[in-house]
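Shown below: my_file_13.cif, with mmCIF, C-alpha atoms.
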data_protein
loop_
_atom_site.label_atom_id
_atom_site.label_comp_id
_atom_site.auth_asym_id
_atom_site.auth_seq_id
_atom_site.Cartn_x
_atom_site.Cartn_y
_atom_site.Cartn_z
CA MET F 1 17.72 13.96 -22.12
CA THR F 2 18.25 13.00 -18.48
CA VAL F 3 15.19 10.72 -18.37
CA GLN F 4 16.03 9.19 -21.75
CA LYS F 5 19.61 8.45 -20.63
CA ALA F 6 18.40 6.97 -17.34
CA ILE F 7 16.03 4.63 -19.20
CA VAL F 8 18.77 3.52 -21.60
CA ASP F 9 21.22 3.00 -18.70
CA ALA F 10 18.62 0.91 -16.81
CA VAL F 11 17.94 -1.31 -19.84
CA VAL F 12 21.67 -1.81 -20.49
CA TRP F 13 22.28 -2.63 -16.79
CA ALA F 14 19.34 -5.07 -16.72
CA ASP F 15 20.58 -6.84 -19.85
CA ARG F 16 24.14 -7.10 -18.50
CA TYR F 17 23.05 -8.62 -15.16
CA LYS F 18 20.11 -10.76 -16.26
CA ALA F 19 19.93 -14.24 -14.78
CA PRO F 20 17.46 -17.13 -14.78
CA ALA F 21 14.71 -16.72 -12.20
CA GLN F 22 11.48 -18.28 -11.04
CA LEU F 23 8.38 -16.09 -10.70
CA GLY F 24 5.41 -16.45 -8.42
CA PHE F 25 2.13 -14.56 -8.66
CA GLY F 26 -0.62 -14.29 -6.10
CA SER F 27 -3.14 -12.11 -4.40
CA GLY F 28 -4.73 -11.78 -1.01
CA THR F 29 -7.23 -9.60 0.77
CA GLU F 30 -6.64 -6.85 3.33
CA ASP F 31 -9.90 -5.10 4.17
CA LYS F 32 -9.17 -3.68 7.63
CA VAL F 33 -6.86 -0.73 6.81
CA SER F 34 -8.41 1.09 3.86
CA PHE F 35 -11.64 3.06 3.67
CA ASN F 36 -13.48 5.20 1.15
CA ARG F 37 -13.02 8.84 2.09
CA ARG F 38 -16.32 9.83 0.46
CA LEU F 39 -19.33 9.48 2.72
CA ARG F 40 -23.06 9.88 2.13
CA MET F 41 -24.59 12.50 4.40
CA LYS F 42 -28.13 12.90 5.75
CA ASN F 43 -28.59 16.06 3.66
CA GLY F 44 -28.18 14.02 0.45
CA GLN F 45 -24.67 15.26 -0.31
CA THR F 46 -21.46 13.28 -0.51
CA TRP F 47 -18.51 14.68 1.44
CA SER F 48 -14.84 13.79 1.63
CA HIS F 49 -13.55 13.59 5.18
CA PRO F 50 -16.61 15.03 6.97
CA GLY F 51 -15.03 14.46 10.38
CA ALA F 52 -14.66 11.28 12.39
CA GLY F 53 -17.86 10.26 14.09
CA ASN F 54 -19.91 13.00 12.37
CA PRO F 55 -23.54 12.15 13.30
CA ASP F 56 -24.73 13.20 9.82
CA ILE F 57 -22.83 10.38 8.09
CA LEU F 58 -25.06 7.66 6.63
CA GLY F 59 -22.30 5.46 5.22
CA TYR F 60 -19.60 5.10 2.63
CA ALA F 61 -20.35 6.47 -0.84
CA GLY F 62 -18.15 3.96 -2.64
CA PRO F 63 -16.13 0.78 -2.36
CA ILE F 64 -12.51 0.01 -1.61
CA ASP F 65 -10.25 -2.45 -3.42
CA PRO F 66 -8.95 -4.83 -0.74
CA GLN F 67 -6.85 -6.95 -3.11
CA VAL F 68 -3.13 -7.19 -2.38
CA GLY F 69 -1.46 -8.26 -5.63
CA VAL F 70 2.01 -9.77 -5.46
CA ILE F 71 4.71 -10.82 -7.93
CA ALA F 72 7.93 -12.27 -6.54
CA ALA F 73 11.13 -13.56 -8.14
CA TRP F 74 13.60 -16.11 -6.79
CA ASP F 75 16.95 -17.17 -8.17
CA LEU F 76 17.45 -20.85 -9.04
CA ASN F 77 18.87 -21.49 -5.54
CA GLY F 78 15.62 -20.31 -3.93
CA ALA F 79 16.84 -16.90 -2.75
CA LEU F 80 14.33 -14.08 -3.09
CA ILE F 81 15.46 -11.54 -5.70
CA GLY F 82 12.60 -9.04 -5.38
CA THR F 83 8.91 -8.46 -4.84
CA ILE F 84 6.27 -6.22 -6.39
CA VAL F 85 3.18 -5.40 -4.31
CA ASN F 86 0.07 -3.57 -5.53
CA PHE F 87 -2.49 -2.14 -3.07
CA ALA F 88 -5.02 0.67 -3.39
CA CYS F 89 -4.56 3.10 -0.49
CA HIS F 90 -3.08 6.58 -0.20
CA ALA F 91 0.28 6.79 1.53
CA THR F 92 -0.93 9.50 3.92
CA ALA F 93 -0.68 7.87 7.33
CA GLY F 94 2.24 10.10 8.31
CA PRO F 95 4.36 11.16 9.97
CA GLY F 96 4.83 14.24 7.82
CA GLY F 97 7.99 14.52 5.79
CA ILE F 98 8.58 10.77 5.46
CA SER F 99 8.12 9.87 1.82
CA ALA F 100 7.87 6.10 2.14
CA ASN F 101 5.08 6.37 4.71
CA TRP F 102 3.40 3.03 5.49
CA ILE F 103 5.09 1.43 2.46
CA HIS F 104 8.34 1.43 4.47
CA TYR F 105 6.71 -0.80 7.11
CA MET F 106 5.22 -3.02 4.42
CA GLU F 107 8.72 -3.59 3.04
CA GLN F 108 10.12 -4.24 6.54
CA THR F 109 7.37 -6.80 7.19
CA ILE F 110 8.03 -8.63 3.93
CA GLN F 111 11.81 -8.60 4.31
CA GLY F 112 11.66 -9.62 7.97
CA SER F 113 9.18 -12.43 7.39
CA LEU F 114 11.18 -13.85 4.49
CA GLN F 115 14.59 -13.12 6.07
CA SER F 116 15.65 -11.22 2.97
CA ARG F 117 17.00 -7.81 2.00
CA ALA F 118 15.56 -8.16 -1.51
CA PRO F 119 13.91 -4.94 -2.70
CA VAL F 120 10.16 -4.45 -2.62
CA VAL F 121 8.58 -2.29 -5.31
CA PHE F 122 5.21 -0.80 -4.38
CA LEU F 123 2.59 -0.06 -7.02
CA GLN F 124 -0.16 2.18 -5.72
CA GLY F 125 -3.44 0.83 -7.01
CA ALA F 126 -6.40 2.93 -8.10
CA CYS F 127 -6.90 4.77 -4.81
CA GLY F 128 -8.42 8.14 -5.70
CA ASP F 129 -10.90 7.95 -2.83
CA ILE F 130 -9.18 5.30 -0.72
CA THR F 131 -7.41 6.29 2.49
CA GLN F 132 -6.47 4.61 5.78
CA VAL F 133 -8.81 6.89 7.75
CA ASP F 134 -12.05 5.27 8.93
CA LYS F 135 -14.48 8.17 9.37
CA LEU F 136 -17.12 5.85 10.83
CA ASP F 137 -14.92 5.06 13.82
CA PRO F 138 -14.89 8.03 16.24
CA TYR F 139 -12.17 6.43 18.41
CA GLN F 140 -9.48 5.21 16.00
CA ARG F 141 -6.83 7.94 16.00
CA PRO F 142 -3.39 6.39 16.46
CA ALA F 143 -0.27 8.51 16.18
CA PRO F 144 1.06 8.82 12.60
CA ALA F 145 3.99 6.43 13.10
CA GLU F 146 1.73 3.81 14.70
CA TRP F 147 -0.79 4.24 11.89
CA SER F 148 1.93 3.70 9.28
CA GLN F 149 3.13 0.59 11.08
CA ARG F 150 -0.41 -0.80 11.30
CA VAL F 151 -1.23 -0.30 7.60
CA GLY F 152 2.19 -1.38 6.33
CA GLY F 153 2.35 -4.37 8.65
CA ARG F 154 -1.06 -5.70 7.62
CA VAL F 155 -0.49 -5.18 3.88
CA GLY F 156 3.01 -6.70 4.15
CA ALA F 157 1.72 -9.70 6.09
CA GLU F 158 -0.95 -10.32 3.45
CA ALA F 159 1.68 -10.07 0.70
CA VAL F 160 3.81 -12.69 2.49
CA LYS F 161 0.84 -15.07 2.79
#

Write the structure described by the file as structure tokens, please.
Amino acid sequence: MTVQKAIVDAVVWADRYKAPAQLGFGSGTEDKVSFNRRLRMKNGQTWSHPGAGNPDILGYAGPIDPQVGVIAAWDLNGALIGTIVNFACHATAGPGGISANWIHYMEQTIQGSLQSRAPVVFLQGACGDITQVDKLDPYQRPAPAEWSQRVGGRVGAEAVK
């Protein structure tokens, strides 16, 4: 009953506070922060996370989806009401225990760029094998907070564009 009541309450609230708005739709490409975690190995197998710089890696076993999909709403005075962003990448950059992960920095980038406190809703695209870890780069190992800022900043900047 709790979920049912919450849904009903949300619909009633939305109906009570509805207002005219303008919508914008768009998409961009961010292909520098997500990588397929499955890699083809010299022995013919496919491994997930076989270790950065592993000399037995031949290449990625599958694609990524670099599309950043965006829907935004503005009131009739031009003020941003909210944004929805879709991107396919696990939220596993760290640091541990922080639930928003890189999505927090994506929201900060969007809000800061547009000088708005309007909420940003993140939709995690089909990212079963998509992570921010590039196993073909033996040197890229930023600290978790820096990694989150890098991924979120780049996805947020692409959403703003």

Closest of F:Ile81, F:Cys127, F:Cys89, F:Val160 to F:Leu23 - atom-to-atom distances counting only C-alpha atoms: F:Ile81

On this structure, the PyMOL selection byres ((chain F and resi 148-154) around 6) would catch which residues? List them as an mmCIF file with C-alpha atoms, in the frame of the given file, sorted by chain and number.
data_model
loop_
_atom_site.group_PDB
_atom_site.id
_atom_site.type_symbol
_atom_site.label_atom_id
_atom_site.label_comp_id
_atom_site.auth_asym_id
_atom_site.auth_seq_id
_atom_site.Cartn_x
_atom_site.Cartn_y
_atom_site.Cartn_z
ATOM 1 C CA VAL F 33 -6.860 -0.730 6.810
ATOM 2 C CA ALA F 93 -0.680 7.870 7.330
ATOM 3 C CA TRP F 102 3.400 3.030 5.490
ATOM 4 C CA ILE F 103 5.090 1.430 2.460
ATOM 5 C CA TYR F 105 6.710 -0.800 7.110
ATOM 6 C CA MET F 106 5.220 -3.020 4.420
ATOM 7 C CA THR F 109 7.370 -6.800 7.190
ATOM 8 C CA ALA F 145 3.990 6.430 13.100
ATOM 9 C CA GLU F 146 1.730 3.810 14.700
ATOM 10 C CA TRP F 147 -0.790 4.240 11.890
ATOM 11 C CA VAL F 155 -0.490 -5.180 3.880
ATOM 12 C CA GLY F 156 3.010 -6.700 4.150
ATOM 13 C CA ALA F 157 1.720 -9.700 6.090
#

Residues returned when the PyMOL selection byres ((chain F and resi 112-119) around 9) runs on this file, as a list in words: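 Against this file, the PyMOL selection byres ((chain F and resi 112-119) around 9) returns the residues Ala79, Leu80, Ile81, Gly82, Thr83, Ile84, Glu107, Gln108, Thr109, Ile110, Gln111, Val120, Val121, Ala157 and Val160 of chain F.
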
Nearby residues (all atoms listed in the file) at most 8 Å from stretch 54-71 of chain F, same-chain spacing under 3 positions excluded, as a VMD selection string: chain F and resid 23 to 31 34 to 43 46 50 to 51 83 to 88 130 135 to 136 155 158 to 159

Using C-alpha atoms, can you export the residues from the last selection as a JSON list (two decimals), keeping the file's coordinate frame?
[["chain", "number", "residue", "atom", "x", "y", "z"],
["F", 23, "LEU", "CA", 8.38, -16.09, -10.70],
["F", 24, "GLY", "CA", 5.41, -16.45, -8.42],
["F", 25, "PHE", "CA", 2.13, -14.56, -8.66],
["F", 26, "GLY", "CA", -0.62, -14.29, -6.10],
["F", 27, "SER", "CA", -3.14, -12.11, -4.40],
["F", 28, "GLY", "CA", -4.73, -11.78, -1.01],
["F", 29, "THR", "CA", -7.23, -9.60, 0.77],
["F", 30, "GLU", "CA", -6.64, -6.85, 3.33],
["F", 31, "ASP", "CA", -9.90, -5.10, 4.17],
["F", 34, "SER", "CA", -8.41, 1.09, 3.86],
["F", 35, "PHE", "CA", -11.64, 3.06, 3.67],
["F", 36, "ASN", "CA", -13.48, 5.20, 1.15],
["F", 37, "ARG", "CA", -13.02, 8.84, 2.09],
["F", 38, "ARG", "CA", -16.32, 9.83, 0.46],
["F", 39, "LEU", "CA", -19.33, 9.48, 2.72],
["F", 40, "ARG", "CA", -23.06, 9.88, 2.13],
["F", 41, "MET", "CA", -24.59, 12.50, 4.40],
["F", 42, "LYS", "CA", -28.13, 12.90, 5.75],
["F", 43, "ASN", "CA", -28.59, 16.06, 3.66],
["F", 46, "THR", "CA", -21.46, 13.28, -0.51],
["F", 50, "PRO", "CA", -16.61, 15.03, 6.97],
["F", 51, "GLY", "CA", -15.03, 14.46, 10.38],
["F", 83, "THR", "CA", 8.91, -8.46, -4.84],
["F", 84, "ILE", "CA", 6.27, -6.22, -6.39],
["F", 85, "VAL", "CA", 3.18, -5.40, -4.31],
["F", 86, "ASN", "CA", 0.07, -3.57, -5.53],
["F", 87, "PHE", "CA", -2.49, -2.14, -3.07],
["F", 88, "ALA", "CA", -5.02, 0.67, -3.39],
["F", 130, "ILE", "CA", -9.18, 5.30, -0.72],
["F", 135, "LYS", "CA", -14.48, 8.17, 9.37],
["F", 136, "LEU", "CA", -17.12, 5.85, 10.83],
["F", 155, "VAL", "CA", -0.49, -5.18, 3.88],
["F", 158, "GLU", "CA", -0.95, -10.32, 3.45],
["F", 159, "ALA", "CA", 1.68, -10.07, 0.70]]

Atomic separation - atom CA of F:Lys18 relative to atom CA of F:Ala73, Å: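 Interatomic distance, atom CA of F:Ala73 to atom CA of F:Lys18: 12.4 Å.
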
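Relative to atom CA of F:Ala100, atom CA of F:Gly78 is found at 28.2 Å.
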
Spatial neighbours of F:Thr92, max dist 8 Å, all atoms listed in the file, sep filter under 4 positions, as a PyMOL selection string: chain F and resi 101-102+131-132

Write the residues of the preceding selection, restricted to C-alpha atoms, as an mmCIF file, keeping the file's coordinate frame.
data_model
loop_
_atom_site.group_PDB
_atom_site.id
_atom_site.type_symbol
_atom_site.label_atom_id
_atom_site.label_comp_id
_atom_site.auth_asym_id
_atom_site.auth_seq_id
_atom_site.Cartn_x
_atom_site.Cartn_y
_atom_site.Cartn_z
ATOM 1 C CA ASN F 101 5.080 6.370 4.710
ATOM 2 C CA TRP F 102 3.400 3.030 5.490
ATOM 3 C CA THR F 131 -7.410 6.290 2.490
ATOM 4 C CA GLN F 132 -6.470 4.610 5.780
#

Separation of atom CA of F:Asp75 from atom CA of F:Pro20 in Å: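 The value is 6.6 Å.
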
Return as JSON the centre and edge lengths, in Å with one decimal, of the box along x, y and z that encloses every atom of stretch 89-92 of chain F in the file, padded by 8 Å per side.
{"center_x": -2.1, "center_y": 6.3, "center_z": 1.7, "size_x": 20.8, "size_y": 22.4, "size_z": 20.4}
